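Structure file coords.cif (mmCIF, C-alpha atoms) is printed below.
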```cif
data_work
loop_
_atom_site.label_atom_id
_atom_site.label_comp_id
_atom_site.auth_asym_id
_atom_site.auth_seq_id
_atom_site.Cartn_x
_atom_site.Cartn_y
_atom_site.Cartn_z
CA MET A 1 73.53 95.14 138.50
CA ASN A 2 70.65 94.12 136.22
CA ASP A 3 71.16 97.23 134.04
CA GLU A 4 74.83 96.44 133.65
CA LYS A 5 74.02 92.89 132.63
CA ARG A 6 71.59 94.10 129.97
CA ARG A 7 74.15 96.38 128.32
CA PRO A 8 75.70 94.89 125.17
CA PRO A 9 79.43 94.29 125.33
CA ARG A 10 81.53 97.12 124.01
CA THR A 11 83.36 96.49 120.75
CA PRO A 12 86.11 98.52 119.13
CA GLN A 13 84.24 98.59 115.80
CA THR A 14 82.85 102.08 116.34
CA GLY A 15 86.26 103.53 117.04
CA VAL A 16 87.78 101.73 114.07
CA ARG A 17 85.08 103.01 111.74
CA ALA A 18 85.55 106.54 113.02
CA GLN A 19 89.29 106.28 112.37
CA GLU A 20 88.65 104.97 108.87
CA LEU A 21 86.25 107.83 108.14
CA LEU A 22 88.74 110.40 109.41
CA ARG A 23 91.52 108.82 107.38
CA SER A 24 89.33 108.78 104.26
CA LEU A 25 88.36 112.42 104.89
CA GLY A 26 91.98 113.48 105.24
CA THR A 27 92.93 111.68 102.05
CA ALA A 28 89.97 113.18 100.18
CA LEU A 29 90.79 116.71 101.34
CA ALA A 30 94.31 116.31 99.97
CA THR A 31 93.11 114.85 96.65
CA PRO A 32 92.52 117.48 93.94
CA THR A 33 89.17 117.32 92.16
CA ARG A 34 88.74 118.02 88.48
CA PRO A 35 86.46 120.78 87.15
CA GLY A 36 82.86 119.60 87.17
CA GLU A 37 83.44 117.00 89.86
CA ALA A 38 81.86 117.34 93.27
CA LEU A 39 84.12 118.12 96.20
CA LEU A 40 85.61 114.99 97.77
CA ALA A 41 84.22 112.96 94.85
CA ARG A 42 87.28 110.67 94.85
CA ALA A 43 86.98 109.63 98.47
CA SER A 44 86.86 105.89 99.10
CA SER A 45 84.09 106.18 101.69
CA PRO A 46 80.57 106.98 100.43
CA TRP A 47 79.92 108.90 103.65
CA VAL A 48 82.82 111.23 102.90
CA ARG A 49 81.62 111.71 99.31
CA ARG A 50 78.22 112.80 100.66
CA LEU A 51 79.75 115.14 103.24
CA PRO A 52 80.02 118.27 100.99
CA TYR A 53 76.35 117.98 100.04
CA ALA A 54 75.39 117.60 103.70
CA VAL A 55 77.45 120.62 104.76
CA ALA A 56 76.10 122.78 101.93
CA PHE A 57 72.49 121.79 102.61
CA ALA A 58 72.83 122.25 106.38
CA SER A 59 74.47 125.67 105.93
CA ALA A 60 71.81 126.88 103.51
CA ALA A 61 68.96 125.45 105.59
CA ALA A 62 70.28 127.06 108.78
CA LEU A 63 71.37 130.42 107.40
CA LEU A 64 68.34 131.17 105.20
CA PRO A 65 65.63 131.49 107.91
CA VAL A 66 68.00 133.11 110.40
CA THR A 67 69.05 135.71 107.84
CA VAL A 68 65.43 136.55 107.02
CA VAL A 69 64.51 136.92 110.69
CA VAL A 70 67.55 139.07 111.51
CA LEU A 71 67.09 141.34 108.52
CA VAL A 72 63.41 141.89 109.26
CA GLN A 73 63.48 142.21 113.03
CA ASP A 74 66.89 143.77 113.73
CA TYR A 75 67.70 145.76 110.59
CA ARG A 76 64.08 146.73 109.74
CA VAL A 77 64.42 145.52 106.16
CA PRO A 78 61.06 144.94 104.38
CA GLY A 79 60.01 141.27 104.39
CA GLY A 80 60.02 140.75 100.62
CA LEU A 81 63.42 142.36 100.17
CA ALA A 82 64.82 140.49 103.15
CA GLY A 83 63.62 137.15 101.77
CA ALA A 84 65.09 137.80 98.34
CA LEU A 85 68.39 139.00 99.77
CA ALA A 86 68.67 136.03 102.17
CA THR A 87 67.87 133.59 99.35
CA VAL A 88 70.58 134.94 97.06
CA GLN A 89 73.13 135.01 99.91
CA THR A 90 72.57 131.42 101.11
CA LEU A 91 71.11 129.08 98.47
CA PRO A 92 74.10 129.34 96.08
CA LEU A 93 76.05 127.43 98.73
CA LEU A 94 74.44 124.32 97.22
CA LEU A 95 76.10 125.20 93.90
CA ALA A 96 79.48 125.48 95.63
CA VAL A 97 79.75 121.69 95.88
CA THR A 98 80.43 121.41 92.15
CA ARG A 99 81.01 125.00 90.94
CA PRO A 100 82.31 127.10 93.84
CA LEU A 101 83.68 129.93 91.67
CA GLN A 102 80.28 130.53 90.04
CA ALA A 103 78.66 130.39 93.47
CA TRP A 104 81.14 133.02 94.71
CA TRP A 105 80.17 135.45 91.95
CA VAL A 106 76.51 135.23 93.00
CA ILE A 107 77.07 135.33 96.76
CA SER A 108 79.69 138.10 96.66
CA ALA A 109 77.42 140.30 94.54
CA ALA A 110 74.51 139.58 96.92
CA ASP A 111 76.67 140.38 99.97
CA VAL A 112 77.79 143.71 98.50
CA ALA A 113 74.21 144.57 97.56
CA GLY A 114 73.10 143.56 101.06
CA GLY A 115 75.63 145.95 102.58
CA PHE A 116 74.09 148.88 100.74
CA VAL A 117 70.56 147.69 101.61
CA LEU A 118 71.48 147.59 105.30
CA LEU A 119 73.07 151.03 105.05
CA ALA A 120 69.75 152.43 103.84
CA SER A 121 67.69 150.68 106.54
CA SER A 122 66.67 152.26 109.83
CA GLY A 123 68.04 149.51 112.08
CA VAL A 124 71.67 149.51 111.06
CA ASP A 125 72.89 151.75 113.90
CA GLY A 126 74.71 149.75 116.55
CA ARG A 127 74.63 146.50 114.58
CA PRO A 128 77.25 144.67 112.48
CA TRP A 129 77.75 146.26 109.08
CA PRO A 130 78.35 145.71 106.14
CA TRP A 131 78.51 141.97 106.88
CA THR A 132 76.03 140.28 109.16
CA PRO A 133 77.21 137.26 111.18
CA MET A 134 75.28 134.97 108.79
CA VAL A 135 77.10 136.50 105.80
CA ILE A 136 80.47 135.85 107.44
CA VAL A 137 79.64 132.21 108.23
CA GLY A 138 78.31 131.51 104.73
CA TYR A 139 81.25 133.28 103.11
CA LEU A 140 83.79 131.19 105.05
CA VAL A 141 82.03 127.99 104.01
CA LEU A 142 82.25 129.21 100.42
CA MET A 143 85.98 129.99 100.85
CA ALA A 144 86.60 126.42 101.99
CA ALA A 145 84.95 125.09 98.84
CA LEU A 146 86.96 127.47 96.68
CA GLY A 147 90.25 126.54 98.31
CA LEU A 148 89.68 122.85 97.69
CA ARG A 149 88.85 123.31 94.02
CA GLU A 150 90.25 126.42 92.31
CA ARG A 151 93.77 127.31 91.25
CA ARG A 152 96.02 129.62 93.24
CA ARG A 153 95.57 132.52 90.84
CA ALA A 154 91.77 132.37 91.21
CA LEU A 155 92.06 132.19 95.00
CA VAL A 156 94.29 135.26 95.13
CA GLY A 157 91.81 137.12 92.93
CA VAL A 158 88.88 136.17 95.18
CA TRP A 159 90.77 137.23 98.30
CA LEU A 160 91.78 140.59 96.81
CA ALA A 161 88.19 141.17 95.61
CA THR A 162 86.99 140.52 99.16
CA GLY A 163 89.45 143.09 100.50
CA ALA A 164 88.48 145.60 97.79
CA ALA A 165 84.77 145.29 98.67
CA GLY A 166 85.57 145.86 102.33
CA ALA A 167 87.72 148.88 101.46
CA VAL A 168 84.81 150.41 99.53
CA PHE A 169 82.54 150.09 102.58
CA GLU A 170 85.27 151.53 104.81
CA VAL A 171 85.32 154.59 102.60
CA VAL A 172 81.51 154.85 102.43
CA SER A 173 80.96 154.64 106.20
CA PRO A 174 84.10 154.14 108.26
CA ASN A 175 82.27 154.58 111.59
CA ARG A 176 79.80 151.75 110.97
CA ALA A 177 82.30 149.23 109.55
CA ALA A 178 83.85 148.67 113.00
CA GLY A 179 86.61 146.44 111.63
CA LEU A 180 84.30 143.74 110.20
CA THR A 181 85.75 144.23 106.73
CA VAL A 182 89.25 143.55 108.04
CA LEU A 183 87.98 140.56 110.02
CA LEU A 184 86.36 138.95 106.97
CA PHE A 185 89.45 139.71 104.89
CA VAL A 186 91.72 137.94 107.39
CA LEU A 187 89.40 135.00 108.04
CA SER A 188 88.76 134.38 104.35
CA GLY A 189 92.48 134.51 103.61
CA THR A 190 93.18 132.03 106.41
CA VAL A 191 90.56 129.57 105.16
CA LEU A 192 91.81 129.88 101.59
CA LEU A 193 95.40 129.34 102.69
CA VAL A 194 94.61 126.23 104.75
CA THR A 195 92.44 124.55 102.12
CA ALA A 196 94.78 125.50 99.27
CA THR A 197 97.69 124.04 101.24
CA LEU A 198 95.81 120.77 101.62
CA ARG A 199 95.07 120.77 97.92
CA GLY A 200 98.67 121.62 97.01
CA ARG A 201 99.95 118.82 99.21
CA GLY A 202 97.70 116.40 97.40
CA GLU A 203 98.89 117.63 94.01
CA ALA A 204 102.52 117.30 95.12
CA GLU A 205 101.91 113.73 96.25
CA ARG A 206 100.16 112.95 92.96
CA ARG A 207 103.10 114.33 90.96
CA LEU A 208 105.49 112.32 93.12
CA VAL A 209 103.50 109.14 92.43
CA GLU A 210 103.52 109.92 88.71
CA GLN A 211 107.27 110.46 88.74
CA GLU A 212 107.79 107.23 90.66
CA THR A 213 105.59 105.41 88.13
CA ILE A 214 107.58 106.89 85.25
CA SER A 215 110.85 106.01 86.97
CA GLU A 216 109.66 102.46 87.59
CA ALA A 217 108.66 102.13 83.94
CA GLU A 218 112.05 103.46 82.86
CA ARG A 219 113.81 101.02 85.17
CA ALA A 220 111.73 98.15 83.79
CA ARG A 221 112.48 99.28 80.25
CA ARG A 222 116.20 99.55 81.01
CA THR A 223 116.18 96.10 82.61
CA LEU A 224 114.42 94.70 79.54
CA LEU A 225 116.98 96.26 77.21
CA GLU A 226 119.84 94.95 79.33
CA GLU A 227 118.32 91.47 79.32
CA ARG A 228 117.83 91.60 75.57
CA ALA A 229 121.44 92.69 75.13
CA ARG A 230 122.59 89.85 77.37
CA ILE A 231 120.58 87.31 75.38
CA ALA A 232 121.99 88.73 72.16
CA ARG A 233 125.55 88.37 73.52
CA GLU A 234 124.90 84.78 74.60
CA LEU A 235 123.41 83.88 71.22
CA HIS A 236 126.30 85.51 69.41
CA ASP A 237 129.00 83.99 71.60
CA VAL A 238 127.56 80.48 71.70
CA VAL A 239 125.12 79.65 68.93
CA ALA A 240 126.44 81.91 66.19
CA HIS A 241 130.01 80.79 66.90
CA HIS A 242 129.18 77.10 66.62
CA MET A 243 127.09 77.64 63.49
CA SER A 244 130.00 79.47 61.90
CA VAL A 245 132.31 76.56 62.76
CA ILE A 246 129.82 74.11 61.21
CA THR A 247 129.62 76.22 58.05
CA VAL A 248 133.41 76.41 57.69
CA GLN A 249 133.86 72.69 58.35
CA ALA A 250 131.13 71.71 55.90
CA ASP A 251 132.47 74.02 53.18
CA SER A 252 136.06 72.89 53.63
CA ALA A 253 135.33 69.16 53.96
CA PRO A 254 135.69 68.41 50.18
CA TYR A 255 139.10 70.12 50.18
CA ARG A 256 140.31 68.53 53.38
CA LEU A 257 139.02 65.10 52.36
CA PRO A 258 139.60 64.80 48.60
CA ASP A 259 138.49 61.16 48.41
CA LEU A 260 134.90 61.89 49.49
CA PRO A 261 132.23 60.33 47.28
CA GLU A 262 129.87 62.63 45.37
CA GLY A 263 126.96 61.88 47.70
CA ALA A 264 128.98 62.95 50.74
CA ARG A 265 130.04 66.15 48.98
CA ASP A 266 126.38 66.98 48.31
CA GLU A 267 125.56 66.24 51.93
CA PHE A 268 128.27 68.60 53.19
CA ALA A 269 127.07 71.27 50.76
CA SER A 270 123.54 70.87 52.10
CA ILE A 271 124.82 71.17 55.67
CA ALA A 272 126.75 74.33 54.80
CA ALA A 273 123.72 75.88 53.08
CA GLY A 274 121.49 75.14 56.07
CA ALA A 275 124.07 76.55 58.46
CA ARG A 276 124.40 79.74 56.42
CA GLU A 277 120.63 80.18 56.40
CA SER A 278 120.53 79.66 60.15
CA LEU A 279 123.25 82.27 60.57
CA ALA A 280 121.25 84.75 58.50
CA GLU A 281 118.20 84.14 60.71
CA MET A 282 120.40 84.48 63.80
CA ARG A 283 121.79 87.84 62.63
CA ARG A 284 118.27 89.15 62.08
CA LEU A 285 117.26 88.01 65.55
CA LEU A 286 120.32 89.62 67.10
CA SER A 287 119.56 92.92 65.36
CA VAL A 288 116.06 92.85 66.86
CA LEU A 289 117.32 92.06 70.34
CA ARG A 290 120.01 94.74 70.27
CA SER A 291 117.80 97.57 68.97
CA GLU A 292 115.37 99.56 71.08
CA GLY A 293 112.95 99.98 68.21
CA ALA A 294 112.02 97.61 65.44
CA GLU A 295 114.89 98.37 63.07
CA GLY A 296 115.70 94.69 62.80
CA GLU A 297 112.21 93.94 61.55
CA ARG A 298 112.74 96.02 58.40
CA ALA A 299 114.59 93.14 56.75
CA PRO A 300 112.40 91.01 54.47
CA GLN A 301 110.76 88.18 56.39
CA PRO A 302 110.43 84.67 54.97
CA GLY A 303 107.04 83.77 53.55
CA LEU A 304 105.31 81.35 51.22
CA ASP A 305 107.86 82.04 48.50
CA ARG A 306 110.50 80.25 50.59
CA VAL A 307 108.50 77.14 51.52
CA GLN A 308 109.97 75.40 48.46
CA GLN A 309 113.47 75.92 49.89
CA LEU A 310 112.39 74.36 53.18
CA VAL A 311 111.10 71.25 51.44
CA GLU A 312 114.25 70.95 49.33
CA ALA A 313 116.44 71.22 52.43
CA THR A 314 114.35 68.51 54.10
CA VAL A 315 114.79 66.25 51.11
CA ARG A 316 118.55 66.78 51.28
CA ALA A 317 118.38 65.76 54.94
CA GLY A 318 117.04 62.33 53.89
CA VAL A 319 113.29 62.85 54.27
CA PRO A 320 111.23 62.07 51.13
CA ALA A 321 109.05 65.19 51.20
CA GLU A 322 106.85 66.57 48.47
CA LEU A 323 105.20 69.98 48.19
CA SER A 324 101.84 70.92 46.75
CA MET A 325 101.17 74.66 46.44
CA ALA A 326 98.11 76.11 44.76
CA ALA A 327 98.81 78.36 41.79
CA ASP A 328 96.28 80.99 42.81
CA LEU A 329 97.90 81.90 46.15
CA PRO A 330 98.48 85.62 46.81
CA GLY A 331 101.91 87.00 46.01
CA PRO A 332 104.42 88.19 48.64
CA GLY A 333 103.12 91.75 48.44
CA GLU A 334 99.46 90.74 48.63
CA LEU A 335 99.59 88.40 51.62
CA PRO A 336 99.82 89.97 55.11
CA GLN A 337 103.39 89.62 56.37
CA ALA A 338 102.28 88.04 59.66
CA VAL A 339 100.29 85.36 57.83
CA GLY A 340 103.08 84.55 55.37
CA LEU A 341 105.67 84.39 58.15
CA SER A 342 103.41 82.20 60.30
CA ALA A 343 102.83 79.77 57.42
CA TYR A 344 106.58 79.57 56.77
CA ARG A 345 107.39 78.98 60.45
CA ILE A 346 104.70 76.32 60.79
CA VAL A 347 106.08 74.38 57.82
CA GLN A 348 109.64 74.90 59.09
CA GLU A 349 108.85 73.60 62.58
CA ALA A 350 106.77 70.69 61.28
CA LEU A 351 109.52 69.56 58.90
CA ALA A 352 112.15 69.96 61.64
CA ASN A 353 110.05 67.69 63.87
CA VAL A 354 109.89 65.13 61.07
CA VAL A 355 113.67 65.18 60.69
CA ARG A 356 114.18 64.81 64.44
CA HIS A 357 111.43 62.38 65.39
CA ALA A 358 110.49 60.52 62.20
CA PRO A 359 113.56 60.38 59.95
CA GLY A 360 112.96 58.82 56.56
CA SER A 361 109.18 59.03 56.76
CA ALA A 362 107.23 60.09 53.68
CA THR A 363 106.06 63.66 54.18
CA ARG A 364 103.53 65.72 52.31
CA VAL A 365 103.29 69.53 52.51
CA SER A 366 100.22 71.24 51.11
CA VAL A 367 99.53 74.99 50.93
CA ARG A 368 96.30 76.16 49.32
CA GLY A 369 93.44 78.64 49.64
CA ASP A 370 89.78 77.71 49.98
CA GLY A 371 88.27 80.67 48.13
CA GLU A 372 86.65 81.94 51.34
CA GLY A 373 89.51 84.05 52.66
CA TRP A 374 91.50 81.31 54.41
CA LEU A 375 94.93 79.80 53.79
CA HIS A 376 95.26 76.08 54.62
CA VAL A 377 98.69 74.69 55.55
CA LEU A 378 98.96 70.93 55.96
CA VAL A 379 102.05 68.87 56.87
CA VAL A 380 101.49 65.12 57.15
CA ASN A 381 104.21 62.53 57.69
CA GLY A 382 104.08 58.75 57.92
CA PRO A 383 105.68 56.51 60.51
CA ALA A 384 109.44 56.77 61.05
CA GLU A 385 111.61 54.58 58.83
CA GLY A 386 114.62 54.85 61.10
CA PRO A 387 115.66 55.71 64.68
CA ALA A 388 115.21 59.25 65.97
CA ALA A 389 118.12 61.66 66.00
CA PRO A 390 120.52 60.79 68.86
CA LEU A 391 120.46 64.32 70.26
CA GLU A 392 116.68 64.20 70.54
CA GLY A 393 116.40 60.82 72.19
CA GLY A 394 112.95 60.34 70.70
CA THR A 395 111.44 63.05 72.92
CA GLY A 396 110.97 66.80 72.79
CA THR A 397 110.01 69.76 74.95
CA GLY A 398 106.86 70.54 73.01
CA HIS A 399 107.89 74.17 72.60
CA GLY A 400 107.58 73.90 68.82
CA LEU A 401 103.87 73.08 68.96
CA VAL A 402 103.33 75.81 71.53
CA GLY A 403 105.04 78.30 69.22
CA MET A 404 102.82 77.18 66.33
CA ARG A 405 99.67 77.73 68.38
CA GLU A 406 100.82 81.19 69.48
CA ARG A 407 101.54 82.26 65.91
CA VAL A 408 98.23 80.97 64.62
CA ARG A 409 96.30 82.60 67.47
CA LEU A 410 97.95 85.97 66.83
CA THR A 411 96.82 85.90 63.20
CA GLY A 412 93.28 84.90 64.11
CA GLY A 413 93.56 81.38 62.70
CA PHE A 414 93.18 77.81 63.90
CA LEU A 415 95.63 74.93 64.44
CA ASP A 416 95.01 71.19 64.67
CA THR A 417 97.84 68.78 65.50
CA GLY A 418 97.97 65.16 66.52
CA PRO A 419 99.18 61.63 65.78
CA LEU A 420 97.72 59.50 63.01
CA PRO A 421 96.55 55.86 63.35
CA ASP A 422 99.45 54.58 61.22
CA GLY A 423 102.04 56.14 63.52
CA GLY A 424 102.50 59.37 61.59
CA PHE A 425 101.73 62.92 62.60
CA ARG A 426 99.53 65.68 61.22
CA VAL A 427 99.85 69.48 61.47
CA ALA A 428 96.96 71.45 59.96
CA ALA A 429 96.69 75.25 60.18
CA ARG A 430 94.05 77.60 58.85
CA LEU A 431 95.21 81.21 58.55
CA PRO A 432 93.28 84.26 57.33
CA LEU A 433 94.33 85.68 53.98
CA THR A 434 93.46 89.13 55.38
CA THR A 435 94.14 90.74 58.72
CA PRO A 436 91.87 89.54 61.55
CA LYS A 437 89.99 92.85 61.78
CA ASP A 438 88.95 92.55 58.14
CA LEU A 439 87.52 89.06 58.53
CA PRO A 440 83.71 88.68 58.49
#
```

Just dump the structure as structure tokens.
Amino acid sequence: MNDEKRRPPRTPQTGVRAQELLRSLGTALATPTRPGEALLARASSPWVRRLPYAVAFASAAALLPVTVVVLVQDYRVPGGLAGALATVQTLPLLLAVTRPLQAWWVISAADVAGGFVLLASSGVDGRPWPWTPMVIVGYLVLMAALGLRERRRALVGVWLATGAAGAVFEVVSPNRAAGLTVLLFVLSGTVLLVTATLRGRGEAERRLVEQETISEAERARRTLLEERARIARELHDVVAHHMSVITVQADSAPYRLPDLPEGARDEFASIAAGARESLAEMRRLLSVLRSEGAEGERAPQPGLDRVQQLVEATVRAGVPAELSMAADLPGPGELPQAVGLSAYRIVQEALANVVRHAPGSATRVSVRGDGEGWLHVLVVNGPAEGPAAPLEGGTGTGHGLVGMRERVRLTGGFLDTGPLPDGGFRVAARLPLTTPKDLP
């Protein structure tokens, strides 16, 4: 009773760990290893990764002294020759963990040489020949390492070489062979078949996973293309249609309404020009969305050379804006396209915000370089002189500022935005005049 009370309670942890080790071992045996890697090197358990080294060391440590003793005492082989022969037959098993084919060349040559040494000894009569029991055990361990690592062609070559060596000894002394050559040939083939089957199963599973990954990527790519096509259809059917209607109405207004004053005619012309420009941008966007590659991006992108047009369009919309551009700015071909496009979009979005949220406010746009490799874009507007656009309601989603920050970050620049004490707003961007990787 006292002994039972002293025993610690049994827990299922030991059984669970054993199951995990066996599961990890099974997975590792079915996982192909690359040339130069140790056997089972990709196992998740460190104990399984150490297993090939333990098996190789235990096999060499057990077979080496036994082989020496048997060769000296039973086969009457001289001690020095027996030690050398046993060393060459067993120690290369340690090499088999990482290079089993090289280990096979050494061990197979030593085994063949050992067969002839035993044939010349005085104690061979009545004892196993040409393979001793230690040779058979070590050779099967080596076959397991080969089957888990080498290709099928190499395994077939090793197996046929094993049979050829046995056939030579059968011819040399058929009475002494006593079927051991056939036994080793069958056993080695069985071990090679089992281990190669495990390895082939692992390779088949790996290929299946790769194909599933490729198929998943293709499905994701197809879904993306379908979504892009759907967005393009929606933009074409909704936005492009309405913009076309606006363009037609603005262009035809002076003809439909002949008594319009000159100011109204100019306003309709400005609306038509803005709508046509928006349609051109929309067509470029649709071409990008509908193409798998980047064919749509081959069209010239807006840059600093079109900032003047943005300011003029803003002035026509009723905002007193002025532009200040430095004369020493790089030309369209000298400025990186991403930087020029980002500067254009920042000015475009900032002026659009002024029109929506601060109509009539005095606005100043400045684009200049600082002589240190940076382009400075500044858009500053004063307080609103009139109510905000009815469609905006005086509020916004904030997506425009987010888009500005994303563009500036992609070019490696900096953006500073915020309200001014007088009720105006400030947008200041600093963009690199070279690509980010060329910056100091």

Would you kindly translate the PyMOL selection byres ((chain A and resi 312-315) around 10) into the concrete residues it picks from this file, as a tab-separated table (two decimals) with C-alpha atoms, in the frame of the given file?
```tsv
chain	number	residue	atom	x	y	z
A	270	SER	CA	123.54	70.87	52.10
A	271	ILE	CA	124.82	71.17	55.67
A	273	ALA	CA	123.72	75.88	53.08
A	274	GLY	CA	121.49	75.14	56.07
A	307	VAL	CA	108.50	77.14	51.52
A	308	GLN	CA	109.97	75.40	48.46
A	309	GLN	CA	113.47	75.92	49.89
A	310	LEU	CA	112.39	74.36	53.18
A	311	VAL	CA	111.10	71.25	51.44
A	316	ARG	CA	118.55	66.78	51.28
A	317	ALA	CA	118.38	65.76	54.94
A	318	GLY	CA	117.04	62.33	53.89
A	319	VAL	CA	113.29	62.85	54.27
A	320	PRO	CA	111.23	62.07	51.13
A	321	ALA	CA	109.05	65.19	51.20
A	322	GLU	CA	106.85	66.57	48.47
A	323	LEU	CA	105.20	69.98	48.19
A	348	GLN	CA	109.64	74.90	59.09
A	351	LEU	CA	109.52	69.56	58.90
A	352	ALA	CA	112.15	69.96	61.64
A	354	VAL	CA	109.89	65.13	61.07
A	355	VAL	CA	113.67	65.18	60.69
A	360	GLY	CA	112.96	58.82	56.56
A	363	THR	CA	106.06	63.66	54.18
```

Residues within 10 Å of region 265-268 of chain A, please, as a short mmCIF file (atom, residue, chain, number, x, y, z; two decimals) with C-alpha atoms, in the frame of the given file. Count all atoms listed in the file; anything in the same chain fewer than 4 positions from it doesn't count.
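Below is the file that was written, selection08.cif:
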```cif
data_model
loop_
_atom_site.label_atom_id
_atom_site.label_comp_id
_atom_site.auth_asym_id
_atom_site.auth_seq_id
_atom_site.Cartn_x
_atom_site.Cartn_y
_atom_site.Cartn_z
CA ILE A 246 129.82 74.11 61.21
CA THR A 247 129.62 76.22 58.05
CA GLN A 249 133.86 72.69 58.35
CA ALA A 250 131.13 71.71 55.90
CA ASP A 251 132.47 74.02 53.18
CA SER A 252 136.06 72.89 53.63
CA ALA A 253 135.33 69.16 53.96
CA PRO A 254 135.69 68.41 50.18
CA TYR A 255 139.10 70.12 50.18
CA LEU A 257 139.02 65.10 52.36
CA PRO A 258 139.60 64.80 48.60
CA ASP A 259 138.49 61.16 48.41
CA LEU A 260 134.90 61.89 49.49
CA PRO A 261 132.23 60.33 47.28
CA ALA A 272 126.75 74.33 54.80
CA ALA A 273 123.72 75.88 53.08
CA GLY A 274 121.49 75.14 56.07
CA ARG A 316 118.55 66.78 51.28
CA ALA A 317 118.38 65.76 54.94
CA GLY A 318 117.04 62.33 53.89
#
```

Practice problem: Evaluate the PyMOL selection byres ((chain A and resi 372) around 12) here and jot the selected residues down as a list in words. | Solution: Arg368, Gly369, Asp370, Gly371, Gly373, Trp374, Leu375, His376, Arg430, Leu431, Pro432, Leu433, Thr434, Leu439 and Pro440 of chain A

Practice problem: Would you please work out which residue, of A:Val88, A:Glu227, A:Val239, A:Arg256, is nearest to Leu279 (chain A) when using all atoms listed in the file? | Solution: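 With all atoms listed in the file as the atom set, the closest residue is A:Val239.
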
Practice problem: Counting all atoms listed in the file, write as an NGL selection string all protein and nucleic acid residues lying at most 7 Å from (75.1, 145.4, 107.0) in the file's frame. | Solution: :A and (114-115 or 118-119 or 124 or 128-132)

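Minimum atom-to-atom distance to Val135 (chain A), evaluated using only C-alpha atoms, belongs to A:Leu71 out of A:Ala338, A:Met325, A:Arg199, A:Leu71.
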
Self-check item: Pick from A:Met243, A:Val171, A:Glu262, A:Ala196 nearest to Ala275 (chain A), counting all atoms listed in the file
Solution: A:Met243

Exercise. List, as a PyMOL selection string, every residue that the PyMOL selection byres ((chain A and resi 143-145) around 8) selects in the file provided.
Key: chain A and resi 39+96-97+100+139-142+146-149+188+191-192+195

Exercise. Using only C-alpha atoms, determine which residues lie at most 12 Å from region 408-425 of chain A, disregarding the query and same-chain residues fewer than 2 positions distant; provide the list as a VMD selection string.
Key: chain A and resid 336 to 346 350 to 351 353 to 354 357 to 364 373 to 385 398 400 to 406 427 to 440

Quiz item: Looking at all atoms listed in the file, which of A:Ala56, A:Val66, A:Ala167, A:Val117 is the one that sits closest to Gly179 (chain A)?
Solution: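 Selected residue with least distance to Gly179 (chain A): A:Ala167.
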
Quiz item: Expressed in Å to a single decimal, how great is the separation between CA of Ala229 (chain A) and CA of Ser215 (chain A)?
Solution: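 Result for CA of Ala229 (chain A) versus CA of Ser215 (chain A): 20.7 Å, one decimal.
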
Exercise. Have a look at A:Leu329, A:Leu193, A:Ile136, A:Val347 and name the one nearest to Arg152 (chain A); count only C-alpha atoms.
Key: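 Comparing A:Leu329, A:Leu193, A:Ile136, A:Val347 against Arg152 (chain A), the winner is A:Leu193.
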
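Counting all atoms listed in the file, the residue from A:Val112, A:Val186, A:Leu101, A:Arg426 that sits nearest to Gly157 (chain A) is A:Leu101.
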
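With CA of Glu205 (chain A) on one side and CA of Ala38 (chain A) on the other, the separation reads 20.6 Å.
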
Quiz item: If you measure from CA of Leu63 (chain A) to CA of Met134 (chain A), what distance in Å do you get, rounded to one decimal?
Solution: 6.2 Å
